[in-house]
file input17.txt (compact mmCIF, C-alpha atoms)
# COMPACT_ATOMS: atom_id res chain seq x y z
CA GLU A 1 174.95 -2.34 -24.79
CA ALA A 2 173.70 -5.92 -25.23
CA GLN A 3 170.23 -6.16 -23.78
CA VAL A 4 166.68 -7.45 -23.87
CA THR A 5 164.11 -4.67 -23.65
CA GLN A 6 160.56 -5.21 -22.51
CA ASN A 7 157.77 -2.67 -22.51
CA PRO A 8 155.84 -1.66 -20.57
CA ARG A 9 157.33 -2.41 -17.14
CA TYR A 10 154.01 -1.97 -15.39
CA LEU A 11 150.52 -2.39 -16.79
CA ILE A 12 147.07 -2.36 -15.22
CA THR A 13 144.25 -3.36 -17.51
CA VAL A 14 140.65 -4.56 -17.42
CA THR A 15 139.35 -8.01 -18.23
CA GLY A 16 138.91 -8.58 -21.94
CA LYS A 17 140.91 -5.63 -23.24
CA LYS A 18 143.54 -6.86 -25.67
CA LEU A 19 147.13 -5.96 -24.87
CA THR A 20 150.63 -6.53 -26.20
CA VAL A 21 153.89 -6.68 -24.26
CA THR A 22 156.83 -5.99 -26.52
CA CYS A 23 160.23 -7.65 -26.34
CA SER A 24 163.29 -6.75 -28.37
CA GLN A 25 166.89 -8.00 -28.25
CA ASN A 26 169.95 -6.52 -29.94
CA MET A 27 172.25 -9.56 -29.72
CA ASN A 28 171.14 -11.37 -32.89
CA HIS A 29 169.96 -14.29 -30.79
CA GLU A 30 168.01 -17.10 -32.44
CA TYR A 31 166.13 -18.35 -29.40
CA MET A 32 163.57 -16.23 -27.56
CA SER A 33 160.99 -17.14 -24.97
CA TRP A 34 158.40 -15.80 -22.56
CA TYR A 35 158.00 -16.79 -18.91
CA ARG A 36 155.57 -15.87 -16.20
CA GLN A 37 156.60 -15.74 -12.55
CA ASP A 38 154.14 -16.49 -9.76
CA PRO A 39 154.87 -16.80 -6.01
CA GLY A 40 155.79 -20.33 -5.01
CA LEU A 41 155.87 -21.53 -8.62
CA GLY A 42 159.07 -20.00 -9.93
CA LEU A 43 159.11 -19.09 -13.62
CA ARG A 44 157.18 -21.10 -16.18
CA GLN A 45 157.59 -20.98 -19.92
CA ILE A 46 154.65 -19.65 -21.95
CA TYR A 47 155.94 -19.75 -25.54
CA TYR A 48 159.27 -19.97 -27.25
CA SER A 49 160.75 -19.38 -30.69
CA MET A 50 163.74 -21.14 -32.21
CA ASN A 51 163.99 -18.66 -35.08
CA VAL A 52 161.99 -16.31 -37.29
CA GLU A 53 158.50 -17.65 -38.04
CA VAL A 54 159.11 -20.67 -35.76
CA THR A 55 157.17 -20.60 -32.50
CA ASP A 56 155.89 -23.29 -30.15
CA LYS A 57 153.99 -23.69 -26.90
CA GLY A 58 155.67 -23.91 -23.56
CA ASP A 59 154.09 -25.21 -20.37
CA VAL A 60 151.39 -22.57 -19.83
CA PRO A 61 150.34 -21.22 -23.27
CA GLU A 62 146.58 -20.89 -22.70
CA GLY A 63 145.35 -17.34 -23.19
CA TYR A 64 148.53 -16.11 -24.90
CA LYS A 65 149.75 -15.61 -28.44
CA VAL A 66 153.16 -14.74 -29.85
CA SER A 67 154.69 -13.91 -33.20
CA ARG A 68 158.25 -13.81 -34.55
CA LYS A 69 158.26 -11.84 -37.77
CA GLU A 70 161.72 -10.42 -37.16
CA LYS A 71 164.67 -11.98 -35.37
CA ARG A 72 164.95 -9.21 -32.80
CA ASN A 73 161.27 -8.93 -31.76
CA PHE A 74 159.04 -11.37 -29.93
CA PRO A 75 155.82 -9.76 -28.68
CA LEU A 76 153.45 -11.42 -26.23
CA ILE A 77 149.77 -10.89 -26.97
CA LEU A 78 146.87 -11.35 -24.58
CA GLU A 79 143.74 -11.29 -26.74
CA SER A 80 141.28 -11.30 -23.84
CA PRO A 81 143.12 -10.95 -20.53
CA SER A 82 141.64 -12.44 -17.39
CA PRO A 83 142.51 -11.90 -13.70
CA ASN A 84 144.38 -15.23 -13.55
CA GLN A 85 146.91 -13.75 -15.98
CA THR A 86 147.96 -11.21 -13.36
CA SER A 87 151.65 -12.00 -13.01
CA LEU A 88 155.23 -10.90 -13.58
CA TYR A 89 156.33 -11.60 -17.14
CA PHE A 90 159.85 -12.03 -18.49
CA CYS A 91 161.16 -12.20 -21.99
CA ALA A 92 164.48 -13.97 -22.48
CA SER A 93 166.83 -14.65 -25.39
CA SER A 94 169.73 -17.03 -26.00
CA PRO A 95 172.16 -17.56 -28.86
CA GLY A 96 170.59 -20.99 -29.25
CA THR A 97 173.52 -22.80 -30.77
CA GLY A 98 174.24 -25.37 -28.09
CA ARG A 99 176.98 -25.85 -25.57
CA GLY A 100 178.70 -23.65 -23.05
CA GLY A 101 178.00 -19.94 -23.07
CA ASP A 102 175.46 -20.30 -25.84
CA THR A 103 173.01 -21.71 -23.33
CA GLU A 104 172.92 -18.60 -21.16
CA ALA A 105 169.58 -16.80 -21.12
CA PHE A 106 169.48 -13.01 -21.09
CA PHE A 107 166.37 -11.61 -19.45
CA GLY A 108 164.41 -8.43 -19.92
CA GLN A 109 163.54 -6.23 -16.95
CA GLY A 110 160.14 -7.83 -16.43
CA THR A 111 156.58 -6.59 -16.89
CA ARG A 112 154.25 -6.46 -13.91
CA LEU A 113 150.74 -7.05 -15.30
CA THR A 114 147.56 -6.63 -13.27
CA VAL A 115 144.21 -7.59 -14.79
CA VAL A 116 141.17 -6.29 -12.88
CA ALA B 117 159.24 -34.48 -17.58
CA GLN B 118 162.02 -32.67 -15.86
CA THR B 119 161.40 -31.02 -12.51
CA VAL B 120 163.43 -28.76 -10.23
CA THR B 121 162.85 -28.52 -6.51
CA GLN B 122 164.10 -25.95 -4.04
CA SER B 123 162.97 -27.10 -0.62
CA GLN B 124 164.03 -23.99 1.31
CA PRO B 125 161.57 -21.13 0.71
CA GLU B 126 163.61 -18.83 2.97
CA MET B 127 167.15 -18.75 4.29
CA SER B 128 169.05 -16.32 6.47
CA VAL B 129 172.78 -15.73 6.89
CA GLN B 130 174.94 -13.41 8.92
CA GLU B 131 177.10 -10.99 6.98
CA ALA B 132 180.55 -12.50 6.21
CA GLU B 133 179.30 -16.03 6.92
CA THR B 134 178.73 -18.87 4.47
CA VAL B 135 175.35 -20.18 3.35
CA THR B 136 174.31 -23.08 1.13
CA LEU B 137 171.12 -23.13 -0.93
CA SER B 138 169.78 -26.53 -1.96
CA CYS B 139 168.42 -27.67 -5.30
CA THR B 140 167.46 -31.08 -6.59
CA TYR B 141 166.22 -32.00 -10.03
CA ASP B 142 164.79 -34.96 -11.83
CA THR B 143 165.66 -35.95 -15.38
CA SER B 144 166.36 -39.03 -17.46
CA GLU B 145 168.71 -37.14 -19.76
CA SER B 146 172.48 -37.17 -19.58
CA ASP B 147 173.19 -33.88 -21.36
CA TYR B 148 171.87 -30.74 -19.73
CA TYR B 149 172.82 -27.47 -18.06
CA LEU B 150 172.16 -26.11 -14.61
CA PHE B 151 172.06 -22.51 -13.50
CA TRP B 152 171.60 -20.35 -10.45
CA TYR B 153 169.90 -17.01 -11.03
CA LYS B 154 169.66 -14.15 -8.57
CA GLN B 155 166.63 -11.86 -8.51
CA PRO B 156 167.09 -8.76 -6.32
CA PRO B 157 164.19 -6.43 -5.48
CA SER B 158 164.72 -4.72 -8.85
CA ARG B 159 163.27 -7.96 -10.37
CA GLN B 160 166.16 -8.28 -12.81
CA MET B 161 167.23 -11.90 -13.40
CA ILE B 162 171.00 -12.12 -13.01
CA LEU B 163 173.02 -15.22 -13.86
CA VAL B 164 175.14 -16.24 -10.89
CA ILE B 165 176.75 -19.45 -12.05
CA ARG B 166 176.42 -22.17 -14.72
CA GLN B 167 177.30 -25.88 -14.73
CA GLU B 168 177.44 -28.21 -17.71
CA ALA B 169 176.40 -31.75 -16.79
CA TYR B 170 179.22 -33.32 -18.80
CA LYS B 171 181.80 -31.48 -16.70
CA GLN B 172 182.63 -33.16 -13.42
CA GLN B 173 184.44 -30.16 -11.99
CA ASN B 174 182.27 -27.91 -9.86
CA ALA B 175 181.83 -24.39 -11.23
CA THR B 176 183.04 -21.39 -9.22
CA GLU B 177 182.59 -17.66 -9.68
CA ASN B 178 184.40 -15.61 -7.06
CA ARG B 179 182.44 -16.08 -3.78
CA PHE B 180 179.92 -18.39 -5.43
CA SER B 181 180.48 -22.10 -5.95
CA VAL B 182 178.33 -25.14 -6.59
CA ASN B 183 178.34 -28.70 -5.38
CA PHE B 184 177.17 -30.69 -8.39
CA GLN B 185 176.30 -34.31 -7.63
CA LYS B 186 175.10 -35.78 -10.91
CA ALA B 187 174.20 -39.22 -9.62
CA ALA B 188 172.21 -37.72 -6.76
CA LYS B 189 170.75 -35.05 -9.07
CA SER B 190 171.72 -32.34 -6.63
CA PHE B 191 173.01 -28.85 -7.41
CA SER B 192 173.58 -26.67 -4.34
CA LEU B 193 174.92 -23.12 -4.30
CA LYS B 194 177.42 -21.99 -1.69
CA ILE B 195 177.88 -18.30 -1.02
CA SER B 196 181.01 -17.46 0.95
CA ASP B 197 181.70 -14.22 2.82
CA SER B 198 178.05 -13.17 2.42
CA GLN B 199 177.44 -9.51 1.72
CA LEU B 200 174.35 -7.35 2.16
CA GLY B 201 174.06 -7.14 -1.61
CA ASP B 202 173.58 -10.91 -1.80
CA ALA B 203 170.09 -10.56 -0.33
CA ALA B 204 167.70 -11.67 -3.06
CA MET B 205 165.53 -14.47 -4.38
CA TYR B 206 167.65 -17.26 -5.83
CA PHE B 207 166.36 -19.61 -8.51
CA CYS B 208 167.85 -22.90 -9.56
CA ALA B 209 167.18 -23.77 -13.21
CA TYR B 210 167.66 -26.73 -15.54
CA ARG B 211 168.04 -26.51 -19.32
CA THR B 212 168.16 -29.15 -22.04
CA PRO B 213 170.31 -28.58 -25.13
CA PHE B 214 168.63 -26.73 -27.94
CA TYR B 215 168.91 -29.70 -30.28
CA TYR B 216 166.58 -31.74 -28.06
CA ASN B 217 162.87 -31.92 -28.86
CA GLN B 218 161.42 -28.77 -27.26
CA GLY B 219 164.95 -28.12 -26.12
CA GLY B 220 166.23 -24.91 -24.66
CA LYS B 221 163.43 -24.54 -22.14
CA LEU B 222 164.50 -23.34 -18.72
CA ILE B 223 162.78 -25.17 -15.90
CA PHE B 224 162.91 -23.26 -12.65
CA GLY B 225 162.63 -24.21 -9.02
CA GLN B 226 160.28 -22.38 -6.69
CA GLY B 227 162.97 -20.03 -5.43
CA THR B 228 164.75 -19.40 -2.10
CA GLU B 229 164.53 -15.97 -0.50
CA LEU B 230 167.90 -15.18 1.09
CA SER B 231 168.21 -12.48 3.71
CA VAL B 232 171.58 -11.21 4.98
CA LYS B 233 171.81 -9.87 8.52
CA PRO B 234 174.36 -7.14 9.28
call {"tool": "encode", "arguments": {"input": "input17.txt", "output": "structure tokens"}}
result
Amino acid sequence: EAQVTQNPRYLITVTGKKLTVTCSQNMNHEYMSWYRQDPGLGLRQIYYSMNVEVTDKGDVPEGYKVSRKEKRNFPLILESPSPNQTSLYFCASSPGTGRGGDTEAFFGQGTRLTVV
Amino acid sequence: AQTVTQSQPEMSVQEAETVTLSCTYDTSESDYYLFWYKQPPSRQMILVIRQEAYKQQNATENRFSVNFQKAAKSFSLKISDSQLGDAAMYFCAYRTPFYYNQGGKLIFGQGTELSVKP
């Protein structure tokens, strides 16, 4: 089954304790990205990757890191989480080749992160 | 910078009736894509419908259709014969082609919470 898998789905952590949210897709997609969802703000892009070893900042990158060592994996790293990073996080992937169906984004199930 | 605005935080519709969700966007580009995503309580993001800006014909998917007004930069979603399972948060989203500088980013509206009354 074609899917994007995020783990964990729920996470409660303390301020300053490093954490990683994993994301993996099995569709051989080139483009992957991370979004955070906050009430009244919709989803905002954190980081994205056009291909292996190619990553770039989105609109709200502060406090986050990513890596793309393999095509299928795109982990999100919070080196020193703070309470303002409490949010719902989504990983998404797309074929990334341009028009029509290639522009559709496939989303993971979401990760609810609480930083206390 | 592109922006997407959904001015209706909440909407309500009677089962079997029709409802229209509004979305406007701002861009100076001519080539882009527009989407409506549904987010039920499970939090999963589900693609409802897609529209390519270069296509004048409005997209339809079963009970879901859009009214795409490119000049007015408006992209509304019409849900016909509403069902209880349509209750969800709906997001309008804009996407530039991947070959654009920083292309491929999805820009979302604030969301509209739709409730369906039996």
call {"tool": "interface_residues", "arguments": {"input": "input17.txt", "of": "chain A", "to": "chain B", "cutoff": "10 Å", "atoms": "only C-alpha atoms", "output": "count of residues only"}}
result
43
call {"tool": "atom_distance", "arguments": {"input": "input17.txt", "atom1": "CA of Lys71 in chain A", "atom2": "CA of Val4 in chain A"}}
result
12.5 Å
call {"tool": "residues_around", "arguments": {"input": "input17.txt", "residues": "Thr136 in chain B", "least_positions_apart": "5", "cutoff": "10 Å", "atoms": "all atoms listed in the file", "output": "PyMOL selection string"}}
result
chain B and resi 127+129+180-183+192-196
call {"tool": "atom_distance", "arguments": {"input": "input17.txt", "atom1": "CA of Glu177 in chain B", "atom2": "CA of Pro234 in chain B"}}
result
23.2 Å
call {"tool": "closest_residue", "arguments": {"input": "input17.txt", "among": "A:Tyr10, A:Trp34, A:Tyr64, A:Phe74", "to": "Thr22 in chain A", "atoms": "only C-alpha atoms"}}
result
A:Phe74
call {"tool": "residues_around", "arguments": {"input": "input17.txt", "residues": "Gln118 in chain B", "least_positions_apart": "6", "cutoff": "8 Å", "atoms": "all atoms listed in the file", "output": "list of chain:residue names"}}
result
B:Tyr141, B:Asp142, B:Thr143, B:Ser144, B:Ile223
call {"tool": "residues_around", "arguments": {"input": "input17.txt", "residues": "Lys65 in chain A", "least_positions_apart": "3", "cutoff": "7 Å", "atoms": "all atoms listed in the file", "output": "list in words"}}
result
Leu76, Ile77 and Leu78 of chain A
call {"tool": "atom_distance", "arguments": {"input": "input17.txt", "atom1": "CA of Gln124 in chain B", "atom2": "CA of Lys189 in chain B"}}
result
16.6 Å
call {"tool": "closest_residue", "arguments": {"input": "input17.txt", "among": "B:Glu131, B:Ala175, B:Ser138, B:Glu126", "to": "Met205 in chain B", "atoms": "all atoms listed in the file"}}
result
B:Glu126
call {"tool": "closest_residue", "arguments": {"input": "input17.txt", "among": "B:Ala117, B:Ala132, B:Val164, B:Leu137", "to": "Glu229 in chain B", "atoms": "only C-alpha atoms"}}
result
B:Leu137
call {"tool": "residues_around", "arguments": {"input": "input17.txt", "residues": "Thr13 in chain A", "least_positions_apart": "3", "cutoff": "8 Å", "atoms": "all atoms listed in the file", "output": "PyMOL selection string"}}
result
chain A and resi 17+113-116
call {"tool": "closest_residue", "arguments": {"input": "input17.txt", "among": "A:Glu1, A:Thr86, A:Val66, A:Ser80", "to": "Val21 in chain A", "atoms": "all atoms listed in the file"}}
result
A:Val66
call {"tool": "closest_residue", "arguments": {"input": "input17.txt", "among": "A:Val52, A:Leu11, A:Cys23, A:Cys91", "to": "Arg36 in chain A", "atoms": "only C-alpha atoms"}}
result
A:Cys91
call {"tool": "decode", "arguments": {"input": "input17.txt", "residues": "range 149-188 of chain B", "atoms": "N, CA and C atoms", "output": "PDB file, in the first residue's frame"}}
result
ATOM      1  N   TYR B 149      -1.451  25.566  -8.857  1.00  0.00           N
ATOM      2  CA  TYR B 149      -2.444  24.519  -8.619  1.00  0.00           C
ATOM      3  C   TYR B 149      -3.193  24.856  -7.334  1.00  0.00           C
ATOM      4  N   LEU B 150      -4.429  24.475  -7.309  1.00  0.00           N
ATOM      5  CA  LEU B 150      -5.272  24.714  -6.142  1.00  0.00           C
ATOM      6  C   LEU B 150      -5.888  23.404  -5.690  1.00  0.00           C
ATOM      7  N   PHE B 151      -6.029  23.270  -4.390  1.00  0.00           N
ATOM      8  CA  PHE B 151      -6.544  22.028  -3.817  1.00  0.00           C
ATOM      9  C   PHE B 151      -7.530  22.336  -2.689  1.00  0.00           C
ATOM     10  N   TRP B 152      -8.407  21.394  -2.469  1.00  0.00           N
ATOM     11  CA  TRP B 152      -9.194  21.339  -1.237  1.00  0.00           C
ATOM     12  C   TRP B 152      -8.853  20.022  -0.550  1.00  0.00           C
ATOM     13  N   TYR B 153      -8.475  20.149   0.737  1.00  0.00           N
ATOM     14  CA  TYR B 153      -8.198  18.985   1.564  1.00  0.00           C
ATOM     15  C   TYR B 153      -9.236  18.903   2.673  1.00  0.00           C
ATOM     16  N   LYS B 154      -9.571  17.689   3.017  1.00  0.00           N
ATOM     17  CA  LYS B 154     -10.504  17.412   4.113  1.00  0.00           C
ATOM     18  C   LYS B 154      -9.712  16.790   5.258  1.00  0.00           C
ATOM     19  N   GLN B 155      -9.982  17.274   6.484  1.00  0.00           N
ATOM     20  CA  GLN B 155      -9.332  16.711   7.661  1.00  0.00           C
ATOM     21  C   GLN B 155     -10.410  16.302   8.665  1.00  0.00           C
ATOM     22  N   PRO B 156     -10.779  15.037   8.694  1.00  0.00           N
ATOM     23  CA  PRO B 156     -11.760  14.559   9.684  1.00  0.00           C
ATOM     24  C   PRO B 156     -11.126  14.480  11.062  1.00  0.00           C
ATOM     25  N   PRO B 157     -11.890  14.113  12.076  1.00  0.00           N
ATOM     26  CA  PRO B 157     -11.332  14.019  13.437  1.00  0.00           C
ATOM     27  C   PRO B 157     -10.127  13.082  13.544  1.00  0.00           C
ATOM     28  N   SER B 158      -9.982  12.157  12.633  1.00  0.00           N
ATOM     29  CA  SER B 158      -8.810  11.265  12.646  1.00  0.00           C
ATOM     30  C   SER B 158      -7.509  12.003  12.347  1.00  0.00           C
ATOM     31  N   ARG B 159      -7.609  13.264  11.891  1.00  0.00           N
ATOM     32  CA  ARG B 159      -6.477  14.156  11.567  1.00  0.00           C
ATOM     33  C   ARG B 159      -5.866  13.868  10.192  1.00  0.00           C
ATOM     34  N   GLN B 160      -6.262  12.792   9.555  1.00  0.00           N
ATOM     35  CA  GLN B 160      -5.690  12.469   8.251  1.00  0.00           C
ATOM     36  C   GLN B 160      -6.042  13.551   7.238  1.00  0.00           C
ATOM     37  N   MET B 161      -5.091  13.968   6.425  1.00  0.00           N
ATOM     38  CA  MET B 161      -5.342  14.947   5.363  1.00  0.00           C
ATOM     39  C   MET B 161      -5.722  14.187   4.101  1.00  0.00           C
ATOM     40  N   ILE B 162      -6.923  14.453   3.608  1.00  0.00           N
ATOM     41  CA  ILE B 162      -7.467  13.724   2.463  1.00  0.00           C
ATOM     42  C   ILE B 162      -7.721  14.700   1.328  1.00  0.00           C
ATOM     43  N   LEU B 163      -7.151  14.414   0.162  1.00  0.00           N
ATOM     44  CA  LEU B 163      -7.389  15.278  -0.999  1.00  0.00           C
ATOM     45  C   LEU B 163      -8.827  15.121  -1.473  1.00  0.00           C
ATOM     46  N   VAL B 164      -9.519  16.242  -1.599  1.00  0.00           N
ATOM     47  CA  VAL B 164     -10.900  16.232  -2.071  1.00  0.00           C
ATOM     48  C   VAL B 164     -10.956  16.497  -3.566  1.00  0.00           C
ATOM     49  N   ILE B 165     -10.254  17.555  -3.984  1.00  0.00           N
ATOM     50  CA  ILE B 165     -10.340  17.956  -5.382  1.00  0.00           C
ATOM     51  C   ILE B 165      -9.142  18.825  -5.732  1.00  0.00           C
ATOM     52  N   ARG B 166      -8.759  18.818  -7.004  1.00  0.00           N
ATOM     53  CA  ARG B 166      -7.593  19.564  -7.493  1.00  0.00           C
ATOM     54  C   ARG B 166      -7.984  20.344  -8.741  1.00  0.00           C
ATOM     55  N   GLN B 167      -7.392  21.540  -8.877  1.00  0.00           N
ATOM     56  CA  GLN B 167      -7.645  22.378 -10.065  1.00  0.00           C
ATOM     57  C   GLN B 167      -6.324  22.939 -10.575  1.00  0.00           C
ATOM     58  N   GLU B 168      -6.055  22.750 -11.857  1.00  0.00           N
ATOM     59  CA  GLU B 168      -4.888  23.377 -12.464  1.00  0.00           C
ATOM     60  C   GLU B 168      -5.288  24.746 -12.991  1.00  0.00           C
ATOM     61  N   ALA B 169      -4.477  25.748 -12.733  1.00  0.00           N
ATOM     62  CA  ALA B 169      -4.852  27.121 -13.103  1.00  0.00           C
ATOM     63  C   ALA B 169      -4.978  27.307 -14.608  1.00  0.00           C
ATOM     64  N   TYR B 170      -4.258  26.499 -15.395  1.00  0.00           N
ATOM     65  CA  TYR B 170      -4.299  26.678 -16.842  1.00  0.00           C
ATOM     66  C   TYR B 170      -5.543  26.047 -17.460  1.00  0.00           C
ATOM     67  N   LYS B 171      -6.304  25.317 -16.651  1.00  0.00           N
ATOM     68  CA  LYS B 171      -7.538  24.718 -17.139  1.00  0.00           C
ATOM     69  C   LYS B 171      -8.714  25.606 -16.752  1.00  0.00           C
ATOM     70  N   GLN B 172      -9.500  25.988 -17.718  1.00  0.00           N
ATOM     71  CA  GLN B 172     -10.642  26.857 -17.425  1.00  0.00           C
ATOM     72  C   GLN B 172     -11.825  26.079 -16.868  1.00  0.00           C
ATOM     73  N   GLN B 173     -11.903  24.811 -17.227  1.00  0.00           N
ATOM     74  CA  GLN B 173     -13.039  24.006 -16.779  1.00  0.00           C
ATOM     75  C   GLN B 173     -12.936  23.723 -15.290  1.00  0.00           C
ATOM     76  N   ASN B 174     -14.049  23.904 -14.595  1.00  0.00           N
ATOM     77  CA  ASN B 174     -14.077  23.645 -13.161  1.00  0.00           C
ATOM     78  C   ASN B 174     -13.996  22.140 -12.883  1.00  0.00           C
ATOM     79  N   ALA B 175     -13.168  21.779 -11.895  1.00  0.00           N
ATOM     80  CA  ALA B 175     -13.017  20.373 -11.540  1.00  0.00           C
ATOM     81  C   ALA B 175     -14.235  19.863 -10.764  1.00  0.00           C
ATOM     82  N   THR B 176     -14.555  18.594 -10.963  1.00  0.00           N
ATOM     83  CA  THR B 176     -15.631  17.948 -10.209  1.00  0.00           C
ATOM     84  C   THR B 176     -15.176  16.559  -9.810  1.00  0.00           C
ATOM     85  N   GLU B 177     -15.639  16.131  -8.635  1.00  0.00           N
ATOM     86  CA  GLU B 177     -15.376  14.791  -8.136  1.00  0.00           C
ATOM     87  C   GLU B 177     -16.632  14.336  -7.399  1.00  0.00           C
ATOM     88  N   ASN B 178     -17.477  13.638  -8.125  1.00  0.00           N
ATOM     89  CA  ASN B 178     -18.724  13.130  -7.535  1.00  0.00           C
ATOM     90  C   ASN B 178     -19.548  14.285  -6.964  1.00  0.00           C
ATOM     91  N   ARG B 179     -19.764  14.335  -5.642  1.00  0.00           N
ATOM     92  CA  ARG B 179     -20.609  15.377  -5.041  1.00  0.00           C
ATOM     93  C   ARG B 179     -19.843  16.681  -4.815  1.00  0.00           C
ATOM     94  N   PHE B 180     -18.575  16.689  -5.106  1.00  0.00           N
ATOM     95  CA  PHE B 180     -17.737  17.856  -4.857  1.00  0.00           C
ATOM     96  C   PHE B 180     -17.406  18.556  -6.180  1.00  0.00           C
ATOM     97  N   SER B 181     -17.556  19.855  -6.189  1.00  0.00           N
ATOM     98  CA  SER B 181     -17.194  20.633  -7.370  1.00  0.00           C
ATOM     99  C   SER B 181     -16.634  21.967  -6.916  1.00  0.00           C
ATOM    100  N   VAL B 182     -15.893  22.608  -7.814  1.00  0.00           N
ATOM    101  CA  VAL B 182     -15.319  23.912  -7.481  1.00  0.00           C
ATOM    102  C   VAL B 182     -15.830  24.954  -8.458  1.00  0.00           C
ATOM    103  N   ASN B 183     -15.801  26.184  -7.995  1.00  0.00           N
ATOM    104  CA  ASN B 183     -16.036  27.344  -8.844  1.00  0.00           C
ATOM    105  C   ASN B 183     -14.729  28.130  -8.863  1.00  0.00           C
ATOM    106  N   PHE B 184     -13.979  27.960  -9.932  1.00  0.00           N
ATOM    107  CA  PHE B 184     -12.657  28.569 -10.066  1.00  0.00           C
ATOM    108  C   PHE B 184     -12.784  29.833 -10.897  1.00  0.00           C
ATOM    109  N   GLN B 185     -12.516  30.958 -10.280  1.00  0.00           N
ATOM    110  CA  GLN B 185     -12.560  32.263 -10.942  1.00  0.00           C
ATOM    111  C   GLN B 185     -11.151  32.840 -10.915  1.00  0.00           C
ATOM    112  N   LYS B 186     -10.388  32.603 -11.989  1.00  0.00           N
ATOM    113  CA  LYS B 186      -8.976  32.966 -11.972  1.00  0.00           C
ATOM    114  C   LYS B 186      -8.765  34.468 -11.850  1.00  0.00           C
ATOM    115  N   ALA B 187      -9.522  35.234 -12.567  1.00  0.00           N
ATOM    116  CA  ALA B 187      -9.340  36.695 -12.537  1.00  0.00           C
ATOM    117  C   ALA B 187      -9.654  37.245 -11.147  1.00  0.00           C
ATOM    118  N   ALA B 188     -10.644  36.685 -10.507  1.00  0.00           N
ATOM    119  CA  ALA B 188     -11.037  37.127  -9.172  1.00  0.00           C
ATOM    120  C   ALA B 188     -10.215  36.447  -8.087  1.00  0.00           C
TER     121      ALA B 188
END
